Amino acid sequence: MNYRHAYHAGNFADCVKHALLLWLVRALQRKEKPAFFLDTHAGRGRYDLASPEALQTGEWREGIALLRGDPDPALADYLGAVERLGLYPGSPRLIRSLLRPIDRLACCEPHPEEVAALKREFAHDPQVAIHRRDGFEALGALLPPRERRGLTFIDPPFEAEDEFARLAEGLRRAQRRFPSGVIAAWYPIKNQARVRQFHAMLQEGGPQDALAAELWRSTPLDPTRLNGSGLIIVNPPFGFPEAASALLRALHARLARETGSGYAIAPLDGAMTRLS
Ligand SMILES: C[S@@+](CC[C@H](N)C(=O)[O-])C[C@H]1O[C@@H](n2cnc3c(N)ncnc32)[C@H](O)[C@@H]1O
C-alpha cells in the first residue's frame with residue numbers, strides 16, 4: 001500500500017473521473033427516493049495542491065489548473081463544486097456535497113493515514129460512514145443497500161499487476177449483489193492493447209449493460225505513461241451517453257496534449273469509436 005493520492009490529486013485523470021461522477025450522482029437523485037453511495041477506494045477526502053506531495057509531481061498543473069475558469073456550460077457543475085469546496089475535493093467530498101438528507105454515503109479506505117484523515121473530514125456526519133477495510137471485500141458486505149437505489153464508485157490505485165483482473169471480478173460481484181445498481185469503475189489507459197484485454201475480460205460473464213467512457217490526452221501506445229483515463233459505467237442512467245459526450249468534449253478541448261488524443265463512449269463489445 002504505497003500509493004498516496006496526494007501526489008496525483010487534480011490531475012487530468014481525476015478531472016475526467018470526477019466530472020462524470022458528479023453527473024452520475026445527480027442522475028441518481030432525479031427521483032425523490034433515497035439513494036446509497038458506496039466509494040470503495042475513497043482516499044483522504046480532499047487534497048491541498050500546495051502540499052509537498054502535490055508540488056513534487058505537479059500533476060494538477062496539467063489537470064484542474066487547465067480547466068479553472070473554463071466557460072463551457074458542460075463543466076460548470078464540476079468546476080463550481082471544486083471552487084466551492086476549497087482544496088481539491090476527492091470523490092468522498094464531491095459525493096457528500098450533493099447528498100440530500102435522505103441519502104447515505106459509505107467510504108472504504110485501508111491505509112491508516114488516509115482513513116484517519118477521512119474520519120476527521122467527516123467527523124460527526126451522520127450521513128457518512130467510514131470503513132477501514134478492503135474496498136473489494138466491501139462489495140460483498142455493503143451491497144445491496146436497503147435503499148435499493150444507488151451508485152458504487154470503484155477507483156483502485158492500480159499498484160498491483162493483477163488490478164485489472166481484480167477490478168473485473170469486483171464489477172461482476174457488485175452487479176451480482178446489486179443488479180439494478182449503477183457502478184462506475186475507473187481504469188488507467190496506458191496502452192490500448194491492455195485496455196482491449198480488460199474490455200474482453202469484462203465481456204466474459206462480466207457486467208451486463210455496460211459502457212466505457214474514455215479520454216486519452218496522448219496516443220495510447222506508450223505503456224510507461226498514463227495516456228488516458230477511463231470509466232466503466234454499469235447500468236448507465238438515461239441520458240448518460242449524451243451528457244458524457246458533452247463533458248468529454250469539453251475536457252478534451254483543454255486537456256489534450258497531442259494530435260493522437262481523443263475521447264469515446266461505447267459498449268464493451270466493439271472497438272471504441274473515436275468521437276473527437
Ligand atoms: C485512486 S485513490 C482514490 C481516490 C479517490 N477515489 C478520489 O477520487 O478522490 C486509491 C485509494 O485506494 C486506497 N486503497 C489501496 N488498496 C485498497 C483496497 N484494497 N481497498 C480500498 N482502498 C484501497 C489507496 O490507499 C488510495 O487512497
# chains A, B, ... in the order shown; residues from 1 in each chain; ligands from 1
$ residues_near_ligand --ligand "ligand 1" --cutoff "8 Å" --atoms "only C-alpha atoms and all ligand atoms" --output "MDAnalysis selection string"
chainID A and resid 1:5 9 14 17:18 39:46 89:93 108:111 114 133:137 153:158
$ select_by_dssp --residues "range 9-235 of chain A" --states "alpha helix (DSSP H)" --output "VMD selection string"
chain A and resid 12 to 28 52 to 57 64 to 67 76 to 85 91 to 98 112 to 121 135 to 142 163 to 177 192 to 203
$ residues_around --residues "Ile183 in chain A" --least-positions-apart "2" --cutoff "6 Å" --atoms "only C-alpha atoms" --output "PyMOL selection string"
chain A and resi 151-153+233-234
$ residues_around --residues "Ser51 in chain A" --least-positions-apart "4" --cutoff "12 Å" --atoms "only C-alpha atoms" --output "list in words"
His5, Ala6, Tyr7, His8, Ala9, Arg46, Tyr47, Leu55, Gln56, Thr57, Gly58, Trp60, Leu87 and Tyr88 of chain A
$ select_by_dssp --residues "range 94-276 of chain A" --states "strand (DSSP E or B)" --output "ChimeraX atom specification"
/A:104-108,128-131,150-154,182-189,210-216,228-234,262-267
$ atom_distance --atom1 "CA of Phe37 in chain A" --atom2 "CA of Leu268 in chain A"
24.4 Å
$ closest_residue --among "A:Glu147, A:Glu258, A:Glu169, A:Asp162" --to "Lys33 in chain A" --atoms "only C-alpha atoms"
A:Glu147
$ atom_distance --atom1 "CA of Leu75 in chain A" --atom2 "CA of Gln192 in chain A"
26.9 Å
$ residues_around --residues "Ile265 in chain A" --least-positions-apart "3" --cutoff "7 Å" --atoms "only C-alpha atoms" --output "PyMOL selection string"
chain A and resi 211-214+241+272
$ closest_residue --among "A:Leu67, A:Ala13, A:Leu143, A:Leu226" --to "Val182 in chain A" --atoms "only C-alpha atoms"
A:Leu143
$ atom_distance --atom1 "CA of Gly206 in chain A" --atom2 "CA of Arg166 in chain A"
12.2 Å
$ decode --residues "range 134-181 of chain A" --atoms "C-alpha atoms" --output "PDB file, in the first residue's frame"
ATOM      1  CA  ASP A 134     -10.646  -3.562   1.687  1.00  0.00           C
ATOM      2  CA  GLY A 135     -12.952  -1.975  -0.883  1.00  0.00           C
ATOM      3  CA  PHE A 136     -13.420  -5.126  -2.969  1.00  0.00           C
ATOM      4  CA  GLU A 137     -14.457  -7.120   0.097  1.00  0.00           C
ATOM      5  CA  ALA A 138     -16.883  -4.350   0.992  1.00  0.00           C
ATOM      6  CA  LEU A 139     -18.800  -5.022  -2.237  1.00  0.00           C
ATOM      7  CA  GLY A 140     -19.949  -8.272  -0.675  1.00  0.00           C
ATOM      8  CA  ALA A 141     -20.573  -6.815   2.773  1.00  0.00           C
ATOM      9  CA  LEU A 142     -22.256  -3.486   1.983  1.00  0.00           C
ATOM     10  CA  LEU A 143     -24.301  -4.377  -1.113  1.00  0.00           C
ATOM     11  CA  PRO A 144     -27.209  -4.476  -1.681  1.00  0.00           C
ATOM     12  CA  PRO A 145     -28.226  -1.403   0.309  1.00  0.00           C
ATOM     13  CA  ARG A 146     -31.607  -1.116   1.983  1.00  0.00           C
ATOM     14  CA  GLU A 147     -32.445   1.830  -0.308  1.00  0.00           C
ATOM     15  CA  ARG A 148     -32.327  -0.472  -3.370  1.00  0.00           C
ATOM     16  CA  ARG A 149     -31.085   2.514  -5.396  1.00  0.00           C
ATOM     17  CA  GLY A 150     -27.511   3.563  -5.570  1.00  0.00           C
ATOM     18  CA  LEU A 151     -24.132   4.118  -7.123  1.00  0.00           C
ATOM     19  CA  THR A 152     -20.941   2.188  -6.398  1.00  0.00           C
ATOM     20  CA  PHE A 153     -17.750   4.025  -7.312  1.00  0.00           C
ATOM     21  CA  ILE A 154     -14.638   1.829  -7.620  1.00  0.00           C
ATOM     22  CA  ASP A 155     -11.358   3.709  -8.007  1.00  0.00           C
ATOM     23  CA  PRO A 156      -8.401   1.372  -7.270  1.00  0.00           C
ATOM     24  CA  PRO A 157      -4.788   2.574  -7.136  1.00  0.00           C
ATOM     25  CA  PHE A 158      -3.580   0.160  -9.871  1.00  0.00           C
ATOM     26  CA  GLU A 159      -0.381  -0.575  -7.971  1.00  0.00           C
ATOM     27  CA  ALA A 160      -0.617  -4.332  -8.339  1.00  0.00           C
ATOM     28  CA  GLU A 161      -0.093  -6.346 -11.514  1.00  0.00           C
ATOM     29  CA  ASP A 162      -3.466  -8.048 -11.201  1.00  0.00           C
ATOM     30  CA  GLU A 163      -5.516  -4.895 -10.605  1.00  0.00           C
ATOM     31  CA  PHE A 164      -7.410  -5.149 -13.927  1.00  0.00           C
ATOM     32  CA  ALA A 165      -8.427  -8.726 -13.080  1.00  0.00           C
ATOM     33  CA  ARG A 166      -9.448  -7.714  -9.544  1.00  0.00           C
ATOM     34  CA  LEU A 167     -11.489  -4.863 -10.938  1.00  0.00           C
ATOM     35  CA  ALA A 168     -13.228  -7.141 -13.463  1.00  0.00           C
ATOM     36  CA  GLU A 169     -14.075  -9.552 -10.641  1.00  0.00           C
ATOM     37  CA  GLY A 170     -15.219  -6.638  -8.457  1.00  0.00           C
ATOM     38  CA  LEU A 171     -17.584  -5.434 -11.174  1.00  0.00           C
ATOM     39  CA  ARG A 172     -19.061  -8.911 -11.572  1.00  0.00           C
ATOM     40  CA  ARG A 173     -19.502  -9.207  -7.833  1.00  0.00           C
ATOM     41  CA  ALA A 174     -21.083  -5.778  -7.416  1.00  0.00           C
ATOM     42  CA  GLN A 175     -23.609  -6.489 -10.149  1.00  0.00           C
ATOM     43  CA  ARG A 176     -24.427  -9.933  -8.739  1.00  0.00           C
ATOM     44  CA  ARG A 177     -25.074  -8.432  -5.298  1.00  0.00           C
ATOM     45  CA  PHE A 178     -26.972  -5.382  -6.535  1.00  0.00           C
ATOM     46  CA  PRO A 179     -28.183  -5.971 -10.117  1.00  0.00           C
ATOM     47  CA  SER A 180     -30.069  -2.693 -10.512  1.00  0.00           C
ATOM     48  CA  GLY A 181     -27.326  -0.501  -9.008  1.00  0.00           C
TER      49      GLY A 181
END
